[in-house]
file structure.cif (mmCIF, C-alpha atoms)
data_input
loop_
_atom_site.label_atom_id
_atom_site.label_comp_id
_atom_site.auth_asym_id
_atom_site.auth_seq_id
_atom_site.Cartn_x
_atom_site.Cartn_y
_atom_site.Cartn_z
CA MET A 1 129.97 163.75 24.59
CA PRO A 2 126.97 162.63 22.43
CA PRO A 3 123.47 163.55 23.70
CA LYS A 4 121.73 160.94 25.78
CA GLY A 5 118.79 159.21 24.09
CA LEU A 6 115.23 159.32 25.38
CA SER A 7 114.25 156.86 28.09
CA ALA A 8 111.50 154.33 27.43
CA ALA A 9 109.15 156.24 29.75
CA GLU A 10 109.83 159.53 27.92
CA LYS A 11 109.22 157.92 24.53
CA ARG A 12 105.89 156.55 25.80
CA ARG A 13 104.91 159.96 27.16
CA ARG A 14 105.81 161.78 23.94
CA LEU A 15 104.05 159.33 21.62
CA GLU A 16 100.89 159.40 23.73
CA GLU A 17 101.14 163.21 23.76
CA LEU A 18 101.19 163.17 19.94
CA PHE A 19 97.85 161.32 19.86
CA HIS A 20 96.29 163.66 22.43
CA GLU A 21 97.48 166.83 20.71
CA THR A 22 96.25 165.88 17.23
CA LYS A 23 93.25 163.68 18.16
CA GLU A 24 93.82 161.84 14.86
CA PHE A 25 93.80 158.21 13.73
CA TYR A 26 97.14 156.90 12.44
CA GLN A 27 98.66 153.92 10.71
CA LEU A 28 102.05 152.67 11.90
CA LYS A 29 103.88 153.97 8.82
CA GLU A 30 102.43 157.45 9.46
CA LEU A 31 103.58 157.41 13.07
CA GLU A 32 107.05 156.28 12.00
CA LYS A 33 107.28 159.42 9.84
CA ILE A 34 105.67 161.91 12.23
CA ALA A 35 107.06 160.82 15.64
CA PRO A 36 110.76 161.39 14.78
CA LYS A 37 110.06 164.90 13.45
CA GLN A 38 107.59 166.13 16.05
CA LYS A 39 108.60 164.18 19.15
CA GLY A 40 112.23 163.15 18.61
CA ILE A 41 111.49 159.41 18.79
CA VAL A 42 113.71 157.41 16.44
CA MET A 43 111.73 155.58 13.76
CA GLN A 44 113.14 152.15 14.74
CA SER A 45 111.61 152.35 18.23
CA VAL A 46 108.16 153.74 17.32
CA LYS A 47 106.61 150.30 16.83
CA ASP A 48 107.80 148.97 20.22
CA VAL A 49 106.75 152.15 22.05
CA LEU A 50 103.33 152.00 20.38
CA GLN A 51 102.89 148.33 21.36
CA SER A 52 103.73 149.10 25.00
CA LEU A 53 101.00 151.78 25.05
CA ILE A 54 98.53 149.33 23.50
CA ASP A 55 99.43 146.69 26.10
CA ASP A 56 98.63 149.20 28.88
CA ASN A 57 95.31 150.16 27.20
CA LEU A 58 96.54 153.73 26.65
CA VAL A 59 96.25 153.46 22.86
CA ALA A 60 93.36 151.74 21.05
CA THR A 61 93.70 149.87 17.76
CA ASP A 62 91.37 148.35 15.18
CA ARG A 63 91.67 146.79 11.76
CA ILE A 64 89.76 148.55 8.98
CA GLY A 65 89.96 146.77 5.66
CA THR A 66 93.56 145.69 5.25
CA SER A 67 95.06 148.35 7.52
CA ASN A 68 95.50 148.74 11.29
CA TYR A 69 94.63 152.13 12.79
CA PHE A 70 95.69 153.51 16.17
CA TRP A 71 94.26 156.30 18.30
CA SER A 72 94.14 157.67 21.84
CA PHE A 73 92.04 160.46 23.31
CA PRO A 74 92.84 162.20 26.64
CA SER A 75 89.58 161.13 28.28
CA SER A 76 90.07 157.46 27.35
CA ALA A 77 93.69 157.46 28.52
CA LEU A 78 92.65 159.06 31.80
CA GLN A 79 90.09 156.33 32.47
CA SER A 80 92.63 153.63 31.59
CA ARG A 81 95.16 155.08 34.04
CA LYS A 82 92.55 155.28 36.80
CA ALA A 83 91.54 151.66 36.20
CA LYS A 84 95.19 150.52 36.17
CA ILE A 85 96.01 152.41 39.36
CA ASP A 86 92.94 150.91 41.10
CA GLU A 87 93.93 147.44 39.89
CA LEU A 88 97.53 147.76 41.11
CA THR A 89 96.46 149.29 44.42
CA HIS A 90 94.05 146.40 45.01
CA GLU A 91 96.73 143.85 44.09
CA LEU A 92 99.20 145.54 46.42
CA GLU A 93 96.77 145.35 49.34
CA LYS A 94 96.23 141.64 48.65
CA LEU A 95 99.98 141.06 48.64
CA LYS A 96 100.35 142.89 51.95
CA GLU A 97 97.70 140.62 53.49
CA LYS A 98 99.38 137.55 52.01
CA LYS A 99 102.75 138.66 53.37
CA SER A 100 101.30 139.11 56.86
CA GLU A 101 99.67 135.68 56.67
CA ILE A 102 102.91 134.02 55.54
CA GLN A 103 104.92 135.72 58.27
CA LEU A 104 102.40 134.52 60.87
CA ASN A 105 102.62 130.98 59.49
CA ILE A 106 106.41 131.11 59.64
CA GLU A 107 106.28 131.98 63.31
CA LYS A 108 103.90 129.09 63.92
CA ALA A 109 106.02 126.71 61.84
CA LYS A 110 109.15 127.37 63.88
CA GLY A 111 107.61 125.50 66.80
CA GLY A 112 110.86 125.46 68.75
CA ARG A 113 112.79 123.99 65.83
CA GLU A 114 115.53 125.86 63.99
CA GLU A 115 114.79 124.26 60.62
CA SER A 116 111.85 122.39 59.06
CA ASP A 117 110.48 121.57 55.62
CA ASP A 118 107.41 123.74 56.34
CA ARG A 119 109.61 126.65 57.36
CA GLU A 120 111.73 126.41 54.23
CA GLU A 121 108.63 126.30 52.04
CA LEU A 122 107.09 129.28 53.81
CA LEU A 123 110.32 131.26 53.52
CA LYS A 124 110.36 130.53 49.80
CA LYS A 125 106.77 131.73 49.44
CA LEU A 126 107.60 134.84 51.48
CA ALA A 127 110.51 135.69 49.17
CA GLU A 128 108.28 135.23 46.12
CA ALA A 129 105.61 137.45 47.67
CA LYS A 130 108.18 140.18 48.41
CA THR A 131 109.44 140.07 44.81
CA LEU A 132 105.91 140.28 43.41
CA LYS A 133 105.08 143.12 45.81
CA LYS A 134 108.12 145.09 44.64
CA GLN A 135 107.19 144.58 40.99
CA ASN A 136 103.65 145.84 41.59
CA THR A 137 104.91 148.75 43.70
CA ASP A 138 107.31 149.80 40.93
CA GLU A 139 104.58 149.57 38.30
CA LEU A 140 102.16 151.53 40.47
CA GLN A 141 104.78 154.25 40.92
CA ARG A 142 105.23 154.47 37.16
CA TYR A 143 101.53 155.15 36.72
CA ARG A 144 101.47 157.67 39.56
CA GLU A 145 103.88 159.77 37.50
CA CYS A 146 100.88 160.18 35.17
CA ASP A 147 98.46 161.01 38.01
CA PRO A 148 94.95 161.76 36.62
CA THR A 149 94.71 164.87 38.81
CA LEU A 150 97.93 166.24 37.32
CA LEU A 151 96.78 165.44 33.80
CA GLU A 152 93.50 167.22 34.43
CA ALA A 153 95.36 170.29 35.72
CA LYS A 154 97.55 170.31 32.60
CA GLU A 155 94.47 170.10 30.37
CA LYS A 156 92.89 173.08 32.20
CA ALA A 157 96.12 175.09 31.84
CA ALA A 158 96.30 174.29 28.13
CA LYS A 159 92.67 175.34 27.67
CA CYS A 160 93.33 178.61 29.51
CA ALA A 161 96.38 179.31 27.34
CA LEU A 162 94.36 178.59 24.19
CA GLU A 163 91.58 180.97 25.26
CA SER A 164 94.11 183.70 26.06
CA ALA A 165 95.84 183.31 22.69
CA ASN A 166 92.54 183.52 20.83
CA ARG A 167 91.47 186.54 22.88
CA TRP A 168 94.64 188.42 21.89
CA THR A 169 94.17 187.37 18.28
CA ASP A 170 90.63 188.80 18.34
CA ASN A 171 92.01 192.04 19.82
CA ILE A 172 94.49 192.31 16.93
CA PHE A 173 91.67 191.79 14.40
CA GLN A 174 89.59 194.51 16.05
CA LEU A 175 92.55 196.90 16.05
CA GLN A 176 93.20 196.06 12.39
CA THR A 177 89.60 196.86 11.45
CA TYR A 178 89.70 200.17 13.33
CA ILE A 179 93.02 201.36 11.84
CA CYS A 180 92.24 200.23 8.29
CA ASP A 181 88.81 201.88 8.31
CA LYS A 182 89.93 205.11 9.97
CA PHE A 183 93.13 205.68 7.99
CA PHE A 184 92.09 203.89 4.77
CA MET A 185 95.01 201.51 5.15
CA PRO A 186 95.05 198.28 3.08
CA ARG A 187 94.98 195.25 5.32
CA GLU A 188 98.18 193.85 3.84
CA ASP A 189 99.95 197.11 4.80
CA PHE A 190 98.72 196.69 8.35
CA TYR A 191 100.30 193.24 8.55
CA SER A 192 103.54 194.51 7.03
CA ARG A 193 103.91 197.63 9.20
CA PHE A 194 103.28 195.87 12.48
CA GLY A 195 105.23 192.69 11.65
CA ILE A 196 102.17 190.42 11.87
CA PRO A 197 102.07 187.19 9.84
CA GLU A 198 99.35 187.30 7.16
CA ASP A 199 98.19 183.79 8.13
CA LEU A 200 97.40 184.87 11.69
CA ASP A 201 94.20 183.17 12.84
CA THR A 202 92.50 181.84 15.94
CA ILE A 203 93.48 178.39 17.18
CA GLU A 204 90.88 175.63 17.18
CA ASN A 205 90.64 172.98 19.90
#

call {"tool": "encode", "arguments": {"input": "structure.cif", "output": "structure tokens"}}
result
Amino acid sequence: MPPKGLSAAEKRRRLEELFHETKEFYQLKELEKIAPKQKGIVMQSVKDVLQSLIDDNLVATDRIGTSNYFWSFPSSALQSRKAKIDELTHELEKLKEKKSEIQLNIEKAKGGREESDDREELLKKLAEAKTLKKQNTDELQRYRECDPTLLEAKEKAAKCALESANRWTDNIFQLQTYICDKFFMPREDFYSRFGIPEDLDTIEN
């Protein structure tokens, strides 16, 4: 059975993650080369995924000369998500109030009659309000999967992991200096004997 492709939400998450990890500015053709290799997003869908992130203000874009450039930084994306969640929450509350008002008007419109033009119109408006409420609720839920608090916790964990990795790298360098000086061992022999890559270095943010 062939492997299942990535969902639209997963493609969005991975492409946004690419921007946040590299903190670089890209052209579309660059993303179409990098995203399939690093994030498993097929080249044909990169443009649509990128546009969906732009539409949600999670990726910024600007034209410089004859080329369009795209970028997204974690702090900017976090603020965009907070603003979108606040907007959807406010809209949801308004729809709840509207629904209550329509239901009250329906009760008043019955007026002892089984059917009326007013009642039919109010029922139609109620159905439309319910549909709109569901759409906003679904969209709000999609953004809650990217809760700012969770994103902040992930950033702290990543920072902690980076600091730990660099601390161990520094320990290896100190041990290398001690052994090489004490036993007159060439540094390249130290790397070879202990199976350490010669390009070992600290990781920058």

call {"tool": "closest_residue", "arguments": {"input": "structure.cif", "among": "A:Ile85, A:Ile64, A:Leu28, A:Ile34", "to": "A:Gln51", "atoms": "all atoms listed in the file"}}
result
A:Leu28

call {"tool": "closest_residue", "arguments": {"input": "structure.cif", "among": "A:Lys133, A:Glu128, A:Arg14, A:Asp170", "to": "A:Lys96", "atoms": "all atoms listed in the file"}}
result
A:Lys133

call {"tool": "resolve_selection", "arguments": {"input": "structure.cif", "expression": "the PyMOL selection byres ((chain A and resi 25) around 7)", "output": "CSV table (one decimal) with C-alpha atoms, keeping the file's coordinate frame"}}
result
chain,number,residue,atom,x,y,z
A,24,GLU,CA,93.8,161.8,14.9
A,26,TYR,CA,97.1,156.9,12.4
A,69,TYR,CA,94.6,152.1,12.8
A,70,PHE,CA,95.7,153.5,16.2
A,71,TRP,CA,94.3,156.3,18.3

call {"tool": "closest_residue", "arguments": {"input": "structure.cif", "among": "A:Gln141, A:Arg12, A:Glu30, A:Glu21", "to": "A:Asp55", "atoms": "only C-alpha atoms"}}
result
A:Arg12

call {"tool": "residues_around", "arguments": {"input": "structure.cif", "residues": "A:Lys37", "least_positions_apart": "6", "cutoff": "12 Å", "atoms": "only C-alpha atoms", "output": "ChimeraX atom specification"}}
result
/A:14-15,18,30-31,43,46

call {"tool": "atom_distance", "arguments": {"input": "structure.cif", "atom1": "atom CA of A:Asn105", "atom2": "atom CA of A:Leu140"}}
result
28.0 Å

call {"tool": "residues_around", "arguments": {"input": "structure.cif", "residues": "A:Glu188", "least_positions_apart": "5", "cutoff": "12 Å", "atoms": "all atoms listed in the file", "output": "PDB file with C-alpha atoms, in the coordinates of the input"}}
result
ATOM      1  CA  GLN A 176      93.200 196.060  12.390  1.00  0.00           C
ATOM      2  CA  THR A 177      89.600 196.860  11.450  1.00  0.00           C
ATOM      3  CA  CYS A 180      92.240 200.230   8.290  1.00  0.00           C
ATOM      4  CA  ARG A 193     103.910 197.630   9.200  1.00  0.00           C
ATOM      5  CA  PHE A 194     103.280 195.870  12.480  1.00  0.00           C
ATOM      6  CA  GLY A 195     105.230 192.690  11.650  1.00  0.00           C
ATOM      7  CA  ILE A 196     102.170 190.420  11.870  1.00  0.00           C
ATOM      8  CA  PRO A 197     102.070 187.190   9.840  1.00  0.00           C
ATOM      9  CA  GLU A 198      99.350 187.300   7.160  1.00  0.00           C
ATOM     10  CA  ASP A 199      98.190 183.790   8.130  1.00  0.00           C
ATOM     11  CA  LEU A 200      97.400 184.870  11.690  1.00  0.00           C
TER      12      LEU A 200
END

call {"tool": "resolve_selection", "arguments": {"input": "structure.cif", "expression": "the PyMOL selection byres ((chain A and resi 49) around 12)", "output": "JSON, numbers by chain"}}
result
{"A": [6, 7, 8, 9, 10, 11, 12, 13, 14, 15, 16, 28, 31, 32, 35, 41, 42, 43, 44, 45, 46, 47, 48, 50, 51, 52, 53, 54, 55, 56, 58, 59]}

call {"tool": "closest_residue", "arguments": {"input": "structure.cif", "among": "A:Glu93, A:Asp181, A:Asp189, A:Asp62", "to": "A:Ala129", "atoms": "only C-alpha atoms"}}
result
A:Glu93

call {"tool": "atom_distance", "arguments": {"input": "structure.cif", "atom1": "atom CA of A:Ala60", "atom2": "atom CA of A:Gly40"}}
result
22.2 Å

call {"tool": "atom_distance", "arguments": {"input": "structure.cif", "atom1": "atom CA of A:Asn68", "atom2": "atom CA of A:Gln27"}}
result
6.1 Å

call {"tool": "closest_residue", "arguments": {"input": "structure.cif", "among": "A:His90, A:Lys182, A:Lys98, A:Arg167", "to": "A:Leu126", "atoms": "all atoms listed in the file"}}
result
A:Lys98

call {"tool": "residues_near_point", "arguments": {"input": "structure.cif", "point": "(88.8, 165.4, 28.6)", "cutoff": "8 Å", "atoms": "only C-alpha atoms", "output": "list of chain:residue names"}}
result
A:Phe73, A:Pro74, A:Ser75, A:Glu152, A:Glu155

call {"tool": "write_last_selection", "arguments": {"input": "structure.cif", "atoms": "C-alpha atoms", "output": "compact mmCIF listing (two decimals), keeping the file's coordinate frame"}}
result
# COMPACT_ATOMS: atom_id res chain seq x y z
CA PHE A 73 92.04 160.46 23.31
CA PRO A 74 92.84 162.20 26.64
CA SER A 75 89.58 161.13 28.28
CA GLU A 152 93.50 167.22 34.43
CA GLU A 155 94.47 170.10 30.37
